[in-house]
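Visitor: File follows, structure.txt with compact mmCIF, C-alpha atoms:
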```txt
# COMPACT_ATOMS: atom_id res chain seq x y z
CA MET V 1 101.81 86.15 116.90
CA GLN V 2 100.96 89.76 117.60
CA ARG V 3 98.84 91.69 115.16
CA ILE V 4 100.74 93.90 112.79
CA SER V 5 98.19 96.63 113.45
CA GLN V 6 99.20 96.70 117.11
CA ALA V 7 102.86 96.91 116.15
CA ALA V 8 102.02 99.67 113.65
CA ARG V 9 100.16 101.62 116.34
CA THR V 10 103.22 101.37 118.56
CA MET V 11 105.50 102.51 115.72
CA LEU V 12 103.24 105.51 115.10
CA GLY V 13 102.72 106.42 118.73
CA GLN V 14 106.25 105.99 120.02
CA ILE V 15 108.44 106.88 117.05
CA ILE V 16 106.91 108.53 113.99
CA LEU V 17 104.31 110.89 115.45
CA PRO V 18 106.52 112.29 118.27
CA PHE V 19 109.40 112.89 115.85
CA TRP V 20 107.37 114.94 113.37
CA LYS V 21 105.40 116.79 116.03
CA ALA V 22 108.70 118.14 117.33
CA LEU V 23 109.52 119.67 113.92
CA ARG V 24 106.67 122.17 113.93
CA ASP V 25 107.96 125.71 113.39
CA THR V 26 105.74 127.86 115.58
CA GLU V 27 107.53 131.10 114.62
CA TYR V 28 107.60 131.06 110.80
CA GLY V 29 105.08 128.35 110.01
CA GLY V 30 105.21 124.91 108.51
CA TYR V 31 107.70 122.29 109.58
CA TYR V 32 111.48 122.51 109.68
CA GLY V 33 113.15 121.24 106.55
CA TYR V 34 116.44 119.67 107.59
CA MET V 35 117.97 117.58 110.37
CA ASP V 36 121.31 115.87 109.92
CA PHE V 37 122.23 112.32 110.89
CA ASP V 38 123.32 113.44 114.37
CA HIS V 39 119.90 115.01 115.04
CA ARG V 40 121.17 118.57 114.59
CA LEU V 41 118.20 120.65 113.42
CA ASP V 42 118.87 123.39 110.86
CA LYS V 43 116.16 125.98 111.40
CA GLY V 44 117.53 128.04 108.52
CA ALA V 45 117.13 125.32 105.90
CA GLU V 46 114.74 125.54 102.96
CA LYS V 47 111.23 124.23 103.46
CA GLY V 48 110.25 121.93 100.65
CA CYS V 49 106.60 122.24 99.66
CA ILE V 50 106.46 118.50 98.95
CA LEU V 51 107.69 117.87 102.49
CA ASN V 52 105.07 120.15 103.99
CA SER V 53 102.27 118.74 101.80
CA ARG V 54 103.18 115.24 102.89
CA ILE V 55 103.22 116.29 106.53
CA LEU V 56 99.76 117.82 106.10
CA TRP V 57 98.52 114.59 104.53
CA PHE V 58 100.09 112.50 107.31
CA PHE V 59 98.63 114.37 110.27
CA SER V 60 95.24 114.62 108.57
CA GLU V 61 95.06 110.90 107.80
CA ALA V 62 96.40 109.94 111.24
CA ALA V 63 93.80 112.11 112.97
CA ILE V 64 91.02 110.57 110.87
CA LEU V 65 92.03 106.95 111.31
CA LEU V 66 93.09 107.09 114.95
CA LYS V 67 90.18 109.40 115.88
CA ASP V 68 92.75 111.48 117.73
CA ASP V 69 91.72 115.12 117.96
CA SER V 70 95.07 116.03 119.51
CA LEU V 71 96.58 115.67 116.03
CA ILE V 72 94.25 118.20 114.42
CA PRO V 73 96.33 121.28 115.44
CA TYR V 74 99.35 119.78 113.68
CA ALA V 75 97.31 119.33 110.52
CA ARG V 76 95.89 122.85 110.82
CA HIS V 77 99.40 124.25 111.21
CA ALA V 78 100.55 122.51 108.03
CA TYR V 79 97.40 123.59 106.17
CA ALA V 80 97.91 127.25 107.08
CA PHE V 81 101.46 127.13 105.76
CA LEU V 82 100.45 125.46 102.50
CA ARG V 83 97.57 127.87 101.93
CA GLU V 84 99.39 131.06 102.91
CA LYS V 85 102.94 130.38 101.75
CA CYS V 86 103.25 127.41 99.36
CA LEU V 87 100.48 128.51 97.00
CA ASP V 88 101.48 131.11 94.43
CA GLN V 89 98.75 133.73 94.63
CA GLU V 90 99.88 135.44 91.44
CA CYS V 91 100.60 132.64 88.95
CA GLY V 92 98.76 129.75 90.56
CA GLY V 93 100.06 126.38 91.65
CA VAL V 94 102.48 125.37 94.38
CA TYR V 95 106.11 126.50 94.60
CA TRP V 96 108.86 123.90 94.77
CA SER V 97 110.39 125.32 97.96
CA LEU V 98 110.44 128.24 100.35
CA SER V 99 113.06 129.84 102.54
CA TRP V 100 113.10 129.13 106.25
CA ASP V 101 110.89 132.18 106.85
CA GLY V 102 108.34 131.32 104.18
CA LYS V 103 109.49 133.32 101.16
CA PRO V 104 109.52 131.74 97.66
CA LEU V 105 112.91 130.14 97.06
CA ASP V 106 112.46 127.89 94.04
CA GLY V 107 109.50 128.92 91.91
CA THR V 108 109.49 125.79 89.76
CA LYS V 109 105.98 124.47 89.22
CA HIS V 110 106.32 120.70 89.00
CA THR V 111 103.34 118.49 88.23
CA TYR V 112 104.48 116.03 90.92
CA ASN V 113 104.40 118.81 93.51
CA GLN V 114 100.92 119.97 92.54
CA ALA V 115 99.68 116.39 92.90
CA PHE V 116 100.91 116.06 96.47
CA ALA V 117 99.21 119.30 97.43
CA ILE V 118 95.95 117.87 96.05
CA TYR V 119 96.47 114.70 98.07
CA ALA V 120 97.13 116.69 101.25
CA LEU V 121 94.29 119.19 100.83
CA SER V 122 91.83 116.38 100.12
CA ALA V 123 92.81 114.56 103.31
CA TYR V 124 92.53 117.78 105.31
CA TYR V 125 89.05 118.37 103.91
CA ARG V 126 88.03 114.85 104.93
CA LEU V 127 89.32 115.60 108.43
CA THR V 128 87.79 119.03 108.96
CA GLY V 129 85.06 119.50 106.36
CA GLU V 130 86.56 122.91 105.49
CA GLN V 131 85.25 123.69 102.02
CA GLU V 132 88.18 126.00 101.25
CA ALA V 133 90.58 123.03 101.32
CA LEU V 134 88.46 121.07 98.84
CA ASN V 135 88.16 124.14 96.62
CA LEU V 136 91.93 124.55 96.59
CA ALA V 137 92.42 120.87 95.75
CA GLY V 138 89.91 121.17 92.91
CA ALA V 139 91.65 124.26 91.56
CA LEU V 140 94.99 122.42 91.50
CA PHE V 141 93.36 119.47 89.73
CA ARG V 142 92.08 121.82 87.01
CA LEU V 143 95.46 123.52 86.82
CA ILE V 144 97.24 120.20 86.16
CA GLU V 145 94.70 119.21 83.54
CA GLU V 146 94.92 122.59 81.80
CA LYS V 147 98.62 123.42 82.07
CA CYS V 148 100.57 120.21 82.73
CA THR V 149 99.21 117.83 80.09
CA ASP V 150 99.30 117.18 76.38
CA LYS V 151 97.26 114.84 74.20
CA ASP V 152 99.36 111.85 75.31
CA GLY V 153 99.56 112.34 79.06
CA TYR V 154 101.27 114.31 81.78
CA LEU V 155 104.30 116.56 81.51
CA GLU V 156 106.78 117.39 84.24
CA ALA V 157 108.43 120.72 85.00
CA PHE V 158 107.45 124.32 84.37
CA THR V 159 108.62 127.80 85.25
CA ARG V 160 106.72 129.82 87.81
CA ASP V 161 104.35 131.07 85.08
CA PHE V 162 103.97 127.58 83.54
CA ARG V 163 106.32 127.76 80.60
CA PRO V 164 108.04 124.39 79.91
CA ALA V 165 111.22 123.82 81.93
CA SER V 166 113.90 121.15 82.18
CA ASN V 167 113.08 118.19 84.44
CA GLU V 168 116.20 117.70 86.54
CA LYS V 169 114.13 117.44 89.71
CA LEU V 170 112.47 114.14 88.74
CA SER V 171 115.26 112.76 86.56
CA GLU V 172 118.12 110.61 87.85
CA ASN V 173 120.66 108.02 86.72
CA GLY V 174 122.17 110.28 84.08
CA VAL V 175 119.05 110.87 82.00
CA LEU V 176 116.77 113.86 81.52
CA ALA V 177 113.19 112.68 81.20
CA GLU V 178 110.25 114.44 79.59
CA ARG V 179 107.85 112.01 81.24
CA THR V 180 108.34 109.86 84.33
CA MET V 181 106.61 106.90 85.89
CA ASN V 182 106.99 108.60 89.27
CA THR V 183 105.01 111.70 88.36
CA LEU V 184 102.26 109.66 86.72
CA LEU V 185 101.96 107.44 89.81
CA HIS V 186 101.58 110.34 92.19
CA VAL V 187 99.27 112.39 90.00
CA PHE V 188 97.02 109.33 90.09
CA GLU V 189 97.42 109.15 93.86
CA GLY V 190 96.53 112.83 94.28
CA TYR V 191 93.49 112.43 92.04
CA ALA V 192 92.42 109.31 93.94
CA GLY V 193 92.61 111.29 97.19
CA LEU V 194 90.49 114.02 95.64
CA TYR V 195 87.96 111.49 94.36
CA GLN V 196 87.85 109.93 97.82
CA ALA V 197 86.97 113.36 99.23
CA LYS V 198 84.33 114.02 96.57
CA ALA V 199 83.27 111.53 93.90
CA ASP V 200 83.50 113.82 90.88
CA PRO V 201 83.06 112.06 87.50
CA VAL V 202 85.54 114.46 85.88
CA VAL V 203 88.20 113.32 88.34
CA ALA V 204 87.24 109.69 87.73
CA GLN V 205 87.68 110.21 84.00
CA ALA V 206 91.19 111.59 84.56
CA MET V 207 92.04 108.64 86.81
CA GLU V 208 90.88 106.21 84.14
CA ARG V 209 93.05 107.98 81.58
CA ILE V 210 96.08 107.55 83.84
CA LEU V 211 95.35 103.87 84.38
CA HIS V 212 95.27 103.32 80.61
CA ILE V 213 98.65 105.07 80.29
CA TYR V 214 99.98 102.95 83.15
CA ALA V 215 98.85 99.74 81.46
CA SER V 216 99.82 100.58 77.89
CA LYS V 217 102.89 102.84 78.19
CA VAL V 218 104.53 102.48 81.61
CA TYR V 219 104.17 98.81 82.43
CA ASN V 220 106.53 96.51 80.51
CA PRO V 221 104.79 93.11 80.27
CA SER V 222 107.88 91.30 78.98
CA LEU V 223 109.99 92.33 82.00
CA PHE V 224 107.18 92.53 84.59
CA ARG V 225 108.28 96.00 85.63
CA GLN V 226 107.49 99.65 85.11
CA GLU V 227 109.78 101.66 82.90
CA VAL V 228 111.00 104.70 84.78
CA PHE V 229 112.14 107.54 82.52
CA PHE V 230 110.74 108.38 79.08
CA ASP V 231 111.03 110.81 76.23
CA ARG V 232 107.86 112.56 75.14
CA ASP V 233 106.84 109.59 72.99
CA TYR V 234 107.13 107.14 75.92
CA ARG V 235 110.36 105.61 74.71
CA SER V 236 112.24 104.32 77.75
CA LEU V 237 115.54 106.16 78.28
CA ILE V 238 117.35 103.64 80.47
CA ASP V 239 117.42 99.98 81.47
CA LEU V 240 116.37 100.53 85.07
CA THR V 241 114.16 98.65 87.51
CA SER V 242 113.03 100.70 90.49
CA TYR V 243 112.03 98.00 92.95
CA GLY V 244 110.57 100.48 95.41
CA HIS V 245 108.30 102.12 92.85
CA ASP V 246 107.20 98.77 91.46
CA ILE V 247 106.12 97.43 94.83
CA GLU V 248 104.54 100.79 95.75
CA SER V 249 102.57 100.84 92.50
CA SER V 250 101.45 97.25 93.07
CA TRP V 251 99.21 98.33 95.95
CA LEU V 252 98.69 102.06 95.32
CA MET V 253 97.34 101.73 91.78
CA ASP V 254 95.20 98.85 93.01
CA TRP V 255 93.76 101.04 95.76
CA GLY V 256 93.01 103.94 93.43
CA ALA V 257 91.41 101.69 90.83
CA SER V 258 89.20 100.16 93.53
CA LEU V 259 87.53 103.57 93.99
CA LEU V 260 86.21 103.49 90.42
CA GLU V 261 83.26 101.62 88.95
CA ASP V 262 84.91 100.12 85.85
CA GLU V 263 85.26 96.45 86.80
CA GLY V 264 87.15 95.51 83.65
CA LEU V 265 89.71 98.25 84.19
CA LYS V 266 90.12 97.30 87.86
CA GLU V 267 90.80 93.68 86.91
CA ALA V 268 93.34 94.71 84.26
CA VAL V 269 95.15 96.88 86.78
CA TYR V 270 95.14 94.14 89.38
CA ARG V 271 96.72 91.66 86.95
CA ILE V 272 99.57 94.10 86.38
CA ASP V 273 99.93 94.78 90.10
CA ARG V 274 100.07 91.05 90.86
CA HIS V 275 102.86 90.61 88.32
CA LEU V 276 104.79 93.51 89.85
CA ALA V 277 104.53 92.07 93.36
CA ASP V 278 105.51 88.61 92.09
CA GLN V 279 108.56 89.98 90.35
CA ILE V 280 109.73 91.92 93.40
CA LEU V 281 109.31 88.81 95.53
CA LYS V 282 111.43 86.80 93.09
CA THR V 283 114.16 89.32 92.26
CA ALA V 284 114.46 92.02 94.93
CA LEU V 285 113.80 90.38 98.30
CA ALA V 286 117.16 89.59 99.89
CA ASP V 287 118.05 88.91 103.52
CA GLY V 288 114.58 89.89 104.65
CA SER V 289 114.54 93.27 102.90
CA VAL V 290 114.12 94.79 99.45
CA VAL V 291 117.10 96.19 97.58
CA ASN V 292 116.87 99.59 95.95
CA GLU V 293 117.10 99.23 92.17
CA CYS V 294 118.85 97.53 89.27
CA GLU V 295 120.45 99.54 86.47
CA LYS V 296 121.73 97.69 83.41
CA GLY V 297 121.98 94.49 85.41
CA VAL V 298 123.86 96.08 88.35
CA VAL V 299 121.98 95.96 91.64
CA ASP V 300 122.09 98.81 94.13
CA SER V 301 121.96 96.85 97.37
CA HIS V 302 121.26 99.79 99.70
CA ARG V 303 118.10 99.45 101.75
CA ILE V 304 116.14 102.71 101.53
CA TRP V 305 113.62 103.69 104.21
CA TRP V 306 110.71 104.25 101.86
CA VAL V 307 111.35 101.09 99.82
CA GLN V 308 111.01 98.92 102.92
CA ALA V 309 107.78 100.66 103.97
CA GLU V 310 106.24 100.21 100.54
CA ALA V 311 107.42 96.59 100.39
CA VAL V 312 105.45 95.71 103.52
CA LEU V 313 102.30 97.21 102.01
CA GLY V 314 102.85 95.70 98.59
CA PHE V 315 103.34 92.20 99.97
CA VAL V 316 100.40 92.55 102.37
CA ASN V 317 98.17 93.74 99.53
CA ALA V 318 99.22 90.86 97.27
CA TRP V 319 98.57 88.37 100.07
CA SER V 320 95.15 89.87 100.81
CA LYS V 321 94.18 89.32 97.17
CA CYS V 322 95.62 85.79 97.08
CA PRO V 323 95.47 84.37 100.64
CA GLU V 324 96.80 81.04 99.44
CA ARG V 325 100.06 82.77 98.47
CA THR V 326 101.50 82.68 101.97
CA GLU V 327 104.92 83.59 100.60
CA PHE V 328 103.64 87.16 100.34
CA GLN V 329 102.67 87.09 104.00
CA ASP V 330 106.08 85.66 104.88
CA ALA V 331 107.80 88.42 102.89
CA ALA V 332 105.80 91.13 104.69
CA ILE V 333 106.79 89.60 108.03
CA GLN V 334 110.45 89.53 107.05
CA VAL V 335 110.54 93.14 105.91
CA TRP V 336 108.61 94.33 108.97
CA HIS V 337 111.18 92.73 111.25
CA TYR V 338 114.03 94.13 109.15
CA ILE V 339 112.57 97.61 109.59
CA THR V 340 112.30 97.27 113.36
CA GLU V 341 115.81 95.83 113.65
CA LYS V 342 117.75 97.87 111.07
CA MET V 343 115.84 100.90 109.79
CA VAL V 344 114.49 102.40 113.01
CA ASP V 345 116.82 104.88 114.69
CA ARG V 346 116.73 103.82 118.34
CA ARG V 347 118.59 106.88 119.59
CA PRO V 348 116.48 109.21 121.76
CA GLY V 349 114.32 111.35 119.50
CA GLY V 350 115.06 109.23 116.44
CA GLU V 351 112.83 108.09 113.59
CA TRP V 352 114.00 105.95 110.62
CA TYR V 353 117.38 106.08 108.94
CA TRP V 354 117.40 107.31 105.35
CA ARG V 355 119.24 104.19 104.22
CA VAL V 356 121.45 101.36 105.45
CA ASP V 357 123.98 99.27 103.58
CA GLU V 358 123.69 95.57 102.81
CA ASN V 359 125.05 94.82 106.29
CA GLY V 360 122.47 97.02 107.99
CA ALA V 361 124.86 99.87 108.87
CA PRO V 362 123.21 103.30 108.57
CA ASP V 363 124.61 105.86 106.15
CA ARG V 364 125.84 108.71 108.33
CA GLU V 365 125.94 111.06 105.34
CA LYS V 366 122.19 110.88 104.88
CA PRO V 367 120.03 113.21 106.99
CA MET V 368 117.03 112.36 109.12
CA VAL V 369 114.96 115.13 107.51
CA GLU V 370 115.31 116.79 104.11
CA PRO V 371 112.87 117.82 101.35
CA TRP V 372 112.21 114.17 100.41
CA LYS V 373 112.55 112.52 103.84
CA CYS V 374 109.18 112.73 105.51
CA PRO V 375 106.50 110.70 107.35
CA TYR V 376 104.62 109.91 104.15
CA HIS V 377 105.93 106.43 103.37
CA ASN V 378 106.52 104.98 106.82
CA GLY V 379 103.57 106.80 108.35
CA ARG V 380 101.32 105.60 105.56
CA MET V 381 102.57 102.05 106.02
CA CYS V 382 101.47 102.13 109.65
CA LEU V 383 98.13 103.74 108.84
CA GLU V 384 97.36 101.24 106.09
CA LEU V 385 98.24 98.28 108.29
CA ILE V 386 95.97 99.60 111.03
CA ARG V 387 93.20 100.25 108.48
CA ARG V 388 93.43 96.67 107.17
CA ASP V 389 93.12 95.07 110.61
CA PRO V 390 91.80 92.48 111.50
CA ASP V 391 92.47 90.86 108.13
CA VAL V 392 96.23 91.16 108.39
CA CYS V 393 98.35 89.82 111.20
CA ILE V 394 101.90 88.58 111.67
```
Rewrite the structure of this file - the entire thing - as structure tokens.
Guide:
Amino acid sequence: MQRISQAARTMLGQIILPFWKALRDTEYGGYYGYMDFDHRLDKGAEKGCILNSRILWFFSEAAILLKDDSLIPYARHAYAFLREKCLDQECGGVYWSLSWDGKPLDGTKHTYNQAFAIYALSAYYRLTGEQEALNLAGALFRLIEEKCTDKDGYLEAFTRDFRPASNEKLSENGVLAERTMNTLLHVFEGYAGLYQAKADPVVAQAMERILHIYASKVYNPSLFRQEVFFDRDYRSLIDLTSYGHDIESSWLMDWGASLLEDEGLKEAVYRIDRHLADQILKTALADGSVVNECEKGVVDSHRIWWVQAEAVLGFVNAWSKCPERTEFQDAAIQVWHYITEKMVDRRPGGEWYWRVDENGAPDREKPMVEPWKCPYHNGRMCLELIRRDPDVCI
């Protein structure tokens, strides 16, 4: 059977990279922010700073791993936009979004957004060695620690000048959360990227703090899942299982913990991650793909693009830790083939559909590009599979 790394290289080279290269805005900077289902590009749409941070991270990591210097200009283009437009020179931090021509549109300072800028800047520094990028990432790390935390953990949304604000942007399912699993996960990811760029003990200490919160507050050991939305005291606000976040955390937290030197903490995190992957395998894998979520016992059976990408990585990671558990390998194979058969948009110039229904029909109401639809999940899946070769094959 062909190596998954070879298939991932093909996916990157023929589908994902060409699609996102074509979205570079050479007139106003950054990358275009919206394309509808029919591939109609809206050059006047808002440019989400999360979208552009993720694009910067993607091209930087792809250039590093593939040793492809032709990708560096795309990373530089994204970096210039983040540095010159997304960063608030007056109040600090990263805006939520900009207009099509690079003017501040939504000045919300969200912790989640700052974390992705750290992740992106750290990758760009690793690619280019430009000290300015590392300095900016370090400044955002300090900003989060100074302005976006309390004694119990990480807070969510703020006004432009960092006064507390309501958290609609990272709340869903009819609740308004003061803390979220999602923000905690990606703050950890951003910090791990920064630590990977420069092994700073202060960053390591913050990562360890997050891992303790993850283990003691977010993970529910009786249900083998993460709770999703919380009040300030970490009381869960809703009976919700986010299958995509659980399987993403099962490998991403494991990766970040592996960068640290605390063996006991790494083992504790891995035990949680193994339980998460086990539970997804048992409850969410259906017809060769992973369903979206379960709220109060009701399953949302849509197949979301990013959930499938994270499922492949989560199952591969679980199998790499327990090679005798071939059911994890089998699950990764199934989801990979589901992606290639159902999620990939085979129309000329296509990428991946946002979501398909339980029969594999794409949702025509969902766009191909929007502030959350980016090359981060599926691009990262391909990069991770290539990085793990030759240990992983299907």
Visitor: So, with all atoms listed in the file as the atoms that count, which of V:Val228, V:Ile64, V:Ala117, V:Leu383 lies closest to Ala177 in chain V?
Guide: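 Checking each of V:Val228, V:Ile64, V:Ala117, V:Leu383 against Ala177 in chain V, counting all atoms listed in the file, the winner is V:Val228.
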Visitor: Within 12 Å of Pro221 in chain V, counting all atoms listed in the file, which residues show up once you throw out same-chain ones fewer than 2 positions away? Write them as a list in words, please.
Guide: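 Non-adjacent residues within range: Tyr214, Ala215, Ser216, Lys217, Val218, Tyr219, Leu223, Phe224, Arg225, Gln226, Glu227, Arg271, Ile272, Asp273, Arg274, His275, Leu276 and Gln279 of chain V.
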Visitor: Measuring between all atoms listed in the file, which one of V:Pro164, V:Gly30, V:Pro371, V:Gly350 shows the shortest distance to Met11 in chain V?
Guide: V:Gly350
Visitor: Can you pull out every residue within 6 Å of Val291 in chain V, counting all atoms listed in the file, but drop anything in the same chain fewer than 2 positions away, and send it as a list of chain:residue names?
Guide: V:Ala284, V:Ser301, V:His302, V:Arg303
Visitor: Can you measure CA of Phe162 in chain V to CA of Thr111 in chain V for me? One decimal in Å is fine.
Guide: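 Separating CA of Phe162 in chain V from CA of Thr111 in chain V is a distance of 10.2 Å.
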Visitor: Please compute the CA of Ala63 in chain V-CA of Leu12 in chain V distance, one decimal, in Å.
Guide: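 Interatomic distance here is 11.7 Å.
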Visitor: List every protein, DNA or RNA residue that has at least one atom no more than 12 Å from (90.9, 116.9, 95.7) in the file's coordinates, counting all atoms listed in the file, and write the result as a PyMOL selection string.
Guide: chain V and resi 57+114-126+131-144+187-200+202-204
Visitor: Using all atoms listed in the file, which residue out of V:Ile15, V:Leu313, V:Ala257, V:Ile280 lies closest to Met343 in chain V?
Guide: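 Result for the nearest residue to Met343 in chain V: V:Ile15.
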Visitor: Find the residue from V:Thr241, V:Lys342, V:Gly256, V:Phe81 that sits nearest to Asp287 in chain V; use all atoms listed in the file when measuring.
Guide: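 Among the listed residues, V:Lys342 lies closest to Asp287 in chain V.
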Visitor: Taking (106.3, 122.2, 104.9) in the file's coordinates, which residues come within 8 Å, counting only C-alpha atoms, written as a list in words?
Guide: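 So the residues meeting the distance criterion are Gly30, Tyr31, Tyr32, Gly33, Lys47, Gly48, Cys49, Ile50, Leu51, Asn52, Ser53, Arg54, Ile55, Leu56, Ala78, Phe81 and Leu82 of chain V.
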Visitor: Restricting the calculation to all atoms listed in the file, which member of V:Leu66, V:Ile4, V:Leu41, V:Val94 is positioned closest to Phe158 in chain V?
Guide: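 So, comparing all the options, the nearest one is V:Val94.
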Visitor: At what distance in Å, to one decimal, does CA of Arg83 in chain V lie from CA of Glu370 in chain V?
Guide: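 Result for CA of Glu370 in chain V versus CA of Arg83 in chain V: 21.0 Å, one decimal.
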Visitor: Give me the residues within 7 Å of Ser242 in chain V as a list in words, counting all atoms listed in the file and dropping any in the same chain fewer than 5 places off.
Guide: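 The contact residues come out as Asn292, Glu293 and Cys294 of chain V.
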